[in-house]
Amino acid sequence: MADFTVGDDHFRIDGKPVRLLSGALHYFRVHEAQWDHRLAMLRAMGLNCVETYVPWNLHEPRPGRYRDVGALGRFLDAAQRAGLWAIVRPGPYICAEWENGGLPVWVTGRFGRRARTRDEEYLDAVERWFTALLPQVVQRQIGRGGPVIMVQAENEYGSYGTDQVYLRRVAGMLRELGVTVPLFTSDGPEDHMLTGGSVPGLPATANFGSGAREAFEVLRRHQPKGPLMCMEFWCGWFDHWGAEPVVRDPEESARALREILECGASVNIYMAHGGTNFAGWAGANRSGPLQDQGFLPTVTSYDYDAPIDEYGRPTEKFWRFREVLAEYADGPLPEPAPEPAPLAAPVRAELTDWAPLAAVLEALGDEEPAPLGVPPTFEELGVDRGLVRYQVAVPGPRIPYALGTVGLRDRAVVYVDGVRAGVLSEENGTLDEPVAGPAEVELWVESLGRVNYGPRLGEPKGITGGVVHERQYLHGVRARALRLETFEEPDALAGVAFEDIRCAGEAGEAVRAGGVGEARRTGLFRGTFEVTGAAGTGHAGLELPGWTRGFVWVNGFGLGRYWSSGPQRTLYVPGPVLREGANEVWVLELEDAGAPYAELGPGVPVRAADAPGDARM
């Protein structure tokens, strides 16, 4: 048993000063069978602590329905096995470039702008969640022989609001539910952020990527005493679909890390290992003027240009950081764990089976709904990840008029009388060609990830306004959801009626050169491939030549979203997902299918150091 405390000048364990050399590693972004390897890599880099967020929406997708809350406890046990202390950041909001900032869709859908405030109904939901979660933390605190030394109250609240009553309530809940280790807050090193997000009596920490001396000067204006800590040292950054990858020079990053440590401060490297936004859990951002912010969905990879890349390999940044951290370590650093073995040779998975989206929806979708006056949002349908098919009629007879949507979030493939008519987005919500009546319209709408940071946190998805013909709203809308979570269930595809597309030519279908057939532009594709050697321990990268946008599963494990807009071209396949011998791949294509196969190889990170046209921090 030990005692971790916050002194006037240092963190202390049993009264002795200690510097925290921590690294962020999110258990929910790494396959559980790989936790031990990644944590060993943190130790080898010179760290003595690991930090993780906890995503509420992953563990309570519906009110009172908890899913594997024990994963946090198992991760903390793995951290202790690796010889690491642990910092836990349970939110309830986490940002983290994660869907909805970790808040469940049923929370933001129900409470709206009352979330993250002193609202009693919202706080009741938080308390129920904390009551379910916190035993995983409480029983693993350092005073009980576990690794947990600190717990965060809320997260970067000063970037969002000023409700001190709310912050004190969250901190009070943590105490009432058994957290005895020090609580803390973290915010950007700006006066307005620290005044909005700090809690009297709790240590405040700062989040930044450079300029440590200036940042800590600001922090000291608000907290004259206590140990200094950069709770998020941004050593890299995340990427958005359709943008250039962001990289940060390893030498420059190492200098910034050294500056933090020269200030006598503790540090948490964000991220030490980023991992992957599996199963469509990536978030999104808004940028630009507050009233006219562009939408920036985050890619599936959370490589983050971290010192340990998405595939678990040490990068040049790893070795530069190790050199700096070795100067502050208590003793010799262990050698890095052996790199995971990639596939020995490229493998091609022929996609031989196909089912149209309508058939997939019939087998896996929600029940057929009654028509409604206005299109329900994803929130009103209780959908977090996935898509919704909206159906509505254009009355007639009437001459052709422009047809579009009001408040589309985020992307819709539109069919008029069964014929593909175009793809709509938030920026371009009107079809190119006018539509005459009568006509039947289908809009397959996908959420590309909910905003995880800023004042538009929790904004609804789907058709949030309506479908309009000329300027007239169309009513009598049917909306049926296809949830990604249904693909995660055992024998998920048992009820899907597949067609063998290897016989497409014999059926007389016009097949595009190298493709799967004009009539099969969208739908669920299935195929198999053989693996030898790397199954269970190594890794692979999966690519879909010529495909446009959708989701991939290997042996029922959701790899996440792919999108031809880039910059990410390859999806990470964890070795523990692969089986020796036969493996199965599913591809849900929502716009335009490409070559009738998927390719698996050793894999490359989303951002190579010599990537052409990259954006540097």
# chains A, B, ... in the order shown; residues from 1 in each chain; ligands from 1
>>> residues_around(residues="stretch 441-443 of chain A", least_positions_apart="6", cutoff="12 Å", atoms="only C-alpha atoms", output="PyMOL selection string")
chain A and resi 357-358+375+387-395+403-405+408-425+429+431+435+462-463+466-469+474-481+590
>>> residues_around(residues="A:Ala337", least_positions_apart="4", cutoff="8 Å", atoms="only C-alpha atoms", output="number ranges by chain")
A: 37, 40-41, 44
>>> select_by_dssp(residues="stretch 254-463 of chain A", states="strand (DSSP E)", output="JSON, numbers by chain")
{"A": [266, 267, 268, 269, 270, 271, 272, 273, 284, 285, 286, 287, 294, 295, 296, 297, 347, 348, 349, 350, 351, 352, 353, 354, 355, 386, 387, 388, 389, 390, 391, 392, 393, 394, 395, 396, 397, 398, 399, 400, 401, 403, 404, 405, 406, 407, 408, 409, 411, 412, 413, 414, 415, 416, 419, 420, 421, 422, 423, 424, 425, 435, 436, 437, 438, 439, 440, 441, 442, 443, 444, 445, 446, 462, 463]}
>>> select_by_dssp(residues="stretch 15-137 of chain A", states="helix (DSSP H, G or I)", output="PyMOL selection string")
chain A and resi 27-29+32-45+56-59+70-81+99-102+105-114+120-133+135-137
>>> closest_residue(among="A:Val247, A:His31, A:Val105, A:Gly601", to="A:Glu60", atoms="only C-alpha atoms")
A:Val105
>>> residues_around(residues="A:Leu333", least_positions_apart="3", cutoff="8 Å", atoms="only C-alpha atoms", output="list in words")
Arg43, Ala44, Met45, Gly46, Ala326 and Ala329 of chain A
>>> write_last_selection(atoms="N, CA, C and O atoms", output="compact mmCIF listing (two decimals), in the first residue's frame")
# COMPACT_ATOMS: atom_id res chain seq x y z
N ARG A 43 6.70 1.69 -21.09
CA ARG A 43 7.79 1.55 -20.11
C ARG A 43 9.15 1.70 -20.80
O ARG A 43 10.06 2.35 -20.28
N ALA A 44 9.28 1.08 -21.97
CA ALA A 44 10.56 1.12 -22.67
C ALA A 44 10.91 2.53 -23.14
O ALA A 44 12.09 2.85 -23.30
N MET A 45 9.91 3.37 -23.37
CA MET A 45 10.17 4.74 -23.79
C MET A 45 10.64 5.60 -22.61
O MET A 45 11.16 6.69 -22.80
N GLY A 46 10.43 5.11 -21.40
CA GLY A 46 10.89 5.84 -20.22
C GLY A 46 9.78 6.37 -19.35
O GLY A 46 10.02 7.23 -18.49
N ALA A 326 15.18 9.24 -20.59
CA ALA A 326 16.19 8.47 -19.88
C ALA A 326 16.95 9.33 -18.86
O ALA A 326 17.41 8.84 -17.83
N ALA A 329 14.76 9.27 -15.69
CA ALA A 329 14.31 7.97 -15.19
C ALA A 329 15.05 7.60 -13.91
O ALA A 329 16.15 8.09 -13.64
>>> closest_residue(among="A:Pro189, A:Ala349, A:Tyr473, A:Arg450", to="A:Tyr597", atoms="only C-alpha atoms")
A:Ala349
>>> closest_residue(among="A:Val30, A:Cys95, A:Val148, A:Leu58", to="A:Gly83", atoms="only C-alpha atoms")
A:Val148
>>> decode(residues="stretch 182-323 of chain A", atoms="C-alpha atoms", output="PDB file, in the first residue's frame")
ATOM      1  CA  PRO A 182      -6.272  13.409  -5.712  1.00  0.00           C
ATOM      2  CA  LEU A 183      -8.751  14.893  -8.185  1.00  0.00           C
ATOM      3  CA  PHE A 184      -7.598  17.419 -10.786  1.00  0.00           C
ATOM      4  CA  THR A 185      -8.729  19.477 -13.769  1.00  0.00           C
ATOM      5  CA  SER A 186      -7.053  20.145 -17.123  1.00  0.00           C
ATOM      6  CA  ASP A 187      -7.484  23.109 -19.460  1.00  0.00           C
ATOM      7  CA  GLY A 188      -5.649  25.142 -22.046  1.00  0.00           C
ATOM      8  CA  PRO A 189      -3.159  27.703 -20.674  1.00  0.00           C
ATOM      9  CA  GLU A 190      -5.468  30.657 -21.280  1.00  0.00           C
ATOM     10  CA  ASP A 191      -6.971  32.866 -18.588  1.00  0.00           C
ATOM     11  CA  HIS A 192     -10.549  32.316 -19.727  1.00  0.00           C
ATOM     12  CA  MET A 193     -10.071  28.537 -19.912  1.00  0.00           C
ATOM     13  CA  LEU A 194      -8.491  28.254 -16.484  1.00  0.00           C
ATOM     14  CA  THR A 195     -11.086  30.509 -14.838  1.00  0.00           C
ATOM     15  CA  GLY A 196     -13.897  28.532 -16.491  1.00  0.00           C
ATOM     16  CA  GLY A 197     -12.516  25.041 -15.905  1.00  0.00           C
ATOM     17  CA  SER A 198     -10.664  25.091 -12.570  1.00  0.00           C
ATOM     18  CA  VAL A 199     -12.199  24.036  -9.256  1.00  0.00           C
ATOM     19  CA  PRO A 200     -11.027  25.653  -6.012  1.00  0.00           C
ATOM     20  CA  GLY A 201      -9.059  23.136  -3.981  1.00  0.00           C
ATOM     21  CA  LEU A 202      -8.234  20.865  -6.929  1.00  0.00           C
ATOM     22  CA  PRO A 203      -4.877  20.954  -8.722  1.00  0.00           C
ATOM     23  CA  ALA A 204      -5.132  22.473 -12.193  1.00  0.00           C
ATOM     24  CA  THR A 205      -3.046  21.153 -15.075  1.00  0.00           C
ATOM     25  CA  ALA A 206      -2.435  22.573 -18.548  1.00  0.00           C
ATOM     26  CA  ASN A 207      -2.751  21.129 -22.053  1.00  0.00           C
ATOM     27  CA  PHE A 208      -0.456  22.352 -24.840  1.00  0.00           C
ATOM     28  CA  GLY A 209       2.026  21.260 -27.501  1.00  0.00           C
ATOM     29  CA  SER A 210       4.816  23.807 -27.149  1.00  0.00           C
ATOM     30  CA  GLY A 211       5.872  26.905 -25.229  1.00  0.00           C
ATOM     31  CA  ALA A 212       6.025  25.243 -21.816  1.00  0.00           C
ATOM     32  CA  ARG A 213       7.564  28.189 -19.969  1.00  0.00           C
ATOM     33  CA  GLU A 214       4.885  30.602 -21.143  1.00  0.00           C
ATOM     34  CA  ALA A 215       2.123  28.070 -20.472  1.00  0.00           C
ATOM     35  CA  PHE A 216       3.267  27.407 -16.923  1.00  0.00           C
ATOM     36  CA  GLU A 217       3.544  31.156 -16.252  1.00  0.00           C
ATOM     37  CA  VAL A 218      -0.160  31.446 -17.080  1.00  0.00           C
ATOM     38  CA  LEU A 219      -0.955  28.433 -14.900  1.00  0.00           C
ATOM     39  CA  ARG A 220       0.971  29.945 -11.990  1.00  0.00           C
ATOM     40  CA  ARG A 221      -1.160  33.090 -12.141  1.00  0.00           C
ATOM     41  CA  HIS A 222      -4.136  30.892 -11.307  1.00  0.00           C
ATOM     42  CA  GLN A 223      -2.380  28.341  -9.084  1.00  0.00           C
ATOM     43  CA  PRO A 224       0.580  29.879  -7.223  1.00  0.00           C
ATOM     44  CA  LYS A 225       1.483  26.636  -5.449  1.00  0.00           C
ATOM     45  CA  GLY A 226       1.460  22.964  -6.275  1.00  0.00           C
ATOM     46  CA  PRO A 227       3.273  20.762  -8.777  1.00  0.00           C
ATOM     47  CA  LEU A 228       3.283  21.788 -12.426  1.00  0.00           C
ATOM     48  CA  MET A 229       1.976  19.307 -14.973  1.00  0.00           C
ATOM     49  CA  CYS A 230       1.220  19.303 -18.668  1.00  0.00           C
ATOM     50  CA  MET A 231      -1.675  16.857 -18.732  1.00  0.00           C
ATOM     51  CA  GLU A 232      -1.731  16.754 -22.534  1.00  0.00           C
ATOM     52  CA  PHE A 233       1.569  17.341 -24.299  1.00  0.00           C
ATOM     53  CA  TRP A 234       0.375  17.228 -27.894  1.00  0.00           C
ATOM     54  CA  CYS A 235       3.295  15.478 -29.583  1.00  0.00           C
ATOM     55  CA  GLY A 236       1.302  15.000 -32.810  1.00  0.00           C
ATOM     56  CA  TRP A 237      -2.231  15.586 -34.039  1.00  0.00           C
ATOM     57  CA  PHE A 238      -5.252  13.858 -35.553  1.00  0.00           C
ATOM     58  CA  ASP A 239      -6.415  13.844 -39.172  1.00  0.00           C
ATOM     59  CA  HIS A 240      -9.658  14.719 -40.938  1.00  0.00           C
ATOM     60  CA  TRP A 241     -11.171  13.108 -43.994  1.00  0.00           C
ATOM     61  CA  GLY A 242     -10.323  15.053 -47.138  1.00  0.00           C
ATOM     62  CA  ALA A 243      -7.392  16.917 -45.565  1.00  0.00           C
ATOM     63  CA  GLU A 244      -3.635  16.429 -45.640  1.00  0.00           C
ATOM     64  CA  PRO A 245      -2.121  14.327 -42.836  1.00  0.00           C
ATOM     65  CA  VAL A 246      -0.569  16.329 -39.995  1.00  0.00           C
ATOM     66  CA  VAL A 247       2.930  15.416 -38.824  1.00  0.00           C
ATOM     67  CA  ARG A 248       5.298  16.893 -36.264  1.00  0.00           C
ATOM     68  CA  ASP A 249       9.070  16.750 -36.546  1.00  0.00           C
ATOM     69  CA  PRO A 250      10.548  14.287 -34.000  1.00  0.00           C
ATOM     70  CA  GLU A 251      13.468  16.529 -33.046  1.00  0.00           C
ATOM     71  CA  GLU A 252      11.215  19.544 -32.530  1.00  0.00           C
ATOM     72  CA  SER A 253       8.828  17.414 -30.453  1.00  0.00           C
ATOM     73  CA  ALA A 254      11.707  16.160 -28.299  1.00  0.00           C
ATOM     74  CA  ARG A 255      12.848  19.735 -27.664  1.00  0.00           C
ATOM     75  CA  ALA A 256       9.336  20.684 -26.561  1.00  0.00           C
ATOM     76  CA  LEU A 257       9.248  17.672 -24.221  1.00  0.00           C
ATOM     77  CA  ARG A 258      12.616  18.604 -22.774  1.00  0.00           C
ATOM     78  CA  GLU A 259      11.394  22.157 -22.107  1.00  0.00           C
ATOM     79  CA  ILE A 260       8.501  20.796 -20.030  1.00  0.00           C
ATOM     80  CA  LEU A 261      10.843  18.671 -17.945  1.00  0.00           C
ATOM     81  CA  GLU A 262      13.387  21.493 -17.545  1.00  0.00           C
ATOM     82  CA  CYS A 263      10.602  23.499 -15.899  1.00  0.00           C
ATOM     83  CA  GLY A 264      10.514  20.829 -13.198  1.00  0.00           C
ATOM     84  CA  ALA A 265       7.093  19.699 -14.365  1.00  0.00           C
ATOM     85  CA  SER A 266       5.420  16.342 -14.792  1.00  0.00           C
ATOM     86  CA  VAL A 267       4.062  15.405 -18.197  1.00  0.00           C
ATOM     87  CA  ASN A 268       1.508  13.221 -19.920  1.00  0.00           C
ATOM     88  CA  ILE A 269       2.453  12.592 -23.562  1.00  0.00           C
ATOM     89  CA  TYR A 270      -0.703  12.787 -25.665  1.00  0.00           C
ATOM     90  CA  MET A 271      -0.654  10.353 -27.380  1.00  0.00           C
ATOM     91  CA  ALA A 272       2.085   7.871 -26.480  1.00  0.00           C
ATOM     92  CA  HIS A 273       0.175   5.359 -28.610  1.00  0.00           C
ATOM     93  CA  GLY A 274      -2.960   6.513 -30.388  1.00  0.00           C
ATOM     94  CA  GLY A 275      -4.520   3.322 -31.694  1.00  0.00           C
ATOM     95  CA  THR A 276      -7.638   3.184 -33.858  1.00  0.00           C
ATOM     96  CA  ASN A 277     -11.217   4.488 -33.904  1.00  0.00           C
ATOM     97  CA  PHE A 278     -12.649   1.031 -34.472  1.00  0.00           C
ATOM     98  CA  ALA A 279     -16.306   0.369 -35.327  1.00  0.00           C
ATOM     99  CA  GLY A 280     -17.168   3.898 -36.470  1.00  0.00           C
ATOM    100  CA  TRP A 281     -16.487   5.656 -33.159  1.00  0.00           C
ATOM    101  CA  ALA A 282     -14.451   8.541 -34.657  1.00  0.00           C
ATOM    102  CA  GLY A 283     -15.701  12.020 -33.801  1.00  0.00           C
ATOM    103  CA  ALA A 284     -15.689  15.264 -35.764  1.00  0.00           C
ATOM    104  CA  ASN A 285     -14.848  18.947 -35.427  1.00  0.00           C
ATOM    105  CA  ARG A 286     -16.243  22.288 -36.531  1.00  0.00           C
ATOM    106  CA  SER A 287     -13.953  25.062 -37.720  1.00  0.00           C
ATOM    107  CA  GLY A 288     -14.329  28.669 -38.766  1.00  0.00           C
ATOM    108  CA  PRO A 289     -16.618  31.494 -37.534  1.00  0.00           C
ATOM    109  CA  LEU A 290     -19.047  30.375 -34.850  1.00  0.00           C
ATOM    110  CA  GLN A 291     -22.142  30.915 -37.001  1.00  0.00           C
ATOM    111  CA  ASP A 292     -20.696  29.309 -40.138  1.00  0.00           C
ATOM    112  CA  GLN A 293     -18.469  26.460 -39.081  1.00  0.00           C
ATOM    113  CA  GLY A 294     -17.305  23.853 -41.562  1.00  0.00           C
ATOM    114  CA  PHE A 295     -17.693  20.176 -40.726  1.00  0.00           C
ATOM    115  CA  LEU A 296     -14.503  18.101 -40.362  1.00  0.00           C
ATOM    116  CA  PRO A 297     -15.015  14.385 -39.657  1.00  0.00           C
ATOM    117  CA  THR A 298     -12.086  12.527 -38.106  1.00  0.00           C
ATOM    118  CA  VAL A 299     -10.464   9.552 -39.838  1.00  0.00           C
ATOM    119  CA  THR A 300     -10.523   5.998 -38.505  1.00  0.00           C
ATOM    120  CA  SER A 301      -6.824   5.909 -37.677  1.00  0.00           C
ATOM    121  CA  TYR A 302      -5.835   7.577 -34.417  1.00  0.00           C
ATOM    122  CA  ASP A 303      -2.137   7.129 -35.128  1.00  0.00           C
ATOM    123  CA  TYR A 304      -1.703  10.771 -34.001  1.00  0.00           C
ATOM    124  CA  ASP A 305       1.891  10.802 -35.276  1.00  0.00           C
ATOM    125  CA  ALA A 306       2.617   9.308 -31.848  1.00  0.00           C
ATOM    126  CA  PRO A 307       5.976   7.827 -30.823  1.00  0.00           C
ATOM    127  CA  ILE A 308       4.415   4.340 -30.973  1.00  0.00           C
ATOM    128  CA  ASP A 309       2.507   4.113 -34.235  1.00  0.00           C
ATOM    129  CA  GLU A 310      -0.907   2.607 -34.911  1.00  0.00           C
ATOM    130  CA  TYR A 311       0.696  -0.791 -35.582  1.00  0.00           C
ATOM    131  CA  GLY A 312       2.597  -0.796 -32.276  1.00  0.00           C
ATOM    132  CA  ARG A 313       5.984   0.011 -33.801  1.00  0.00           C
ATOM    133  CA  PRO A 314       8.523   2.499 -32.376  1.00  0.00           C
ATOM    134  CA  THR A 315       8.989   5.533 -34.598  1.00  0.00           C
ATOM    135  CA  GLU A 316      11.860   7.995 -34.790  1.00  0.00           C
ATOM    136  CA  LYS A 317       9.924  10.087 -32.284  1.00  0.00           C
ATOM    137  CA  PHE A 318       9.976   7.130 -29.869  1.00  0.00           C
ATOM    138  CA  TRP A 319      13.769   7.034 -29.863  1.00  0.00           C
ATOM    139  CA  ARG A 320      14.120  10.824 -29.500  1.00  0.00           C
ATOM    140  CA  PHE A 321      11.687  10.825 -26.565  1.00  0.00           C
ATOM    141  CA  ARG A 322      13.455   7.859 -24.992  1.00  0.00           C
ATOM    142  CA  GLU A 323      16.737   9.800 -25.060  1.00  0.00           C
TER     143      GLU A 323
END
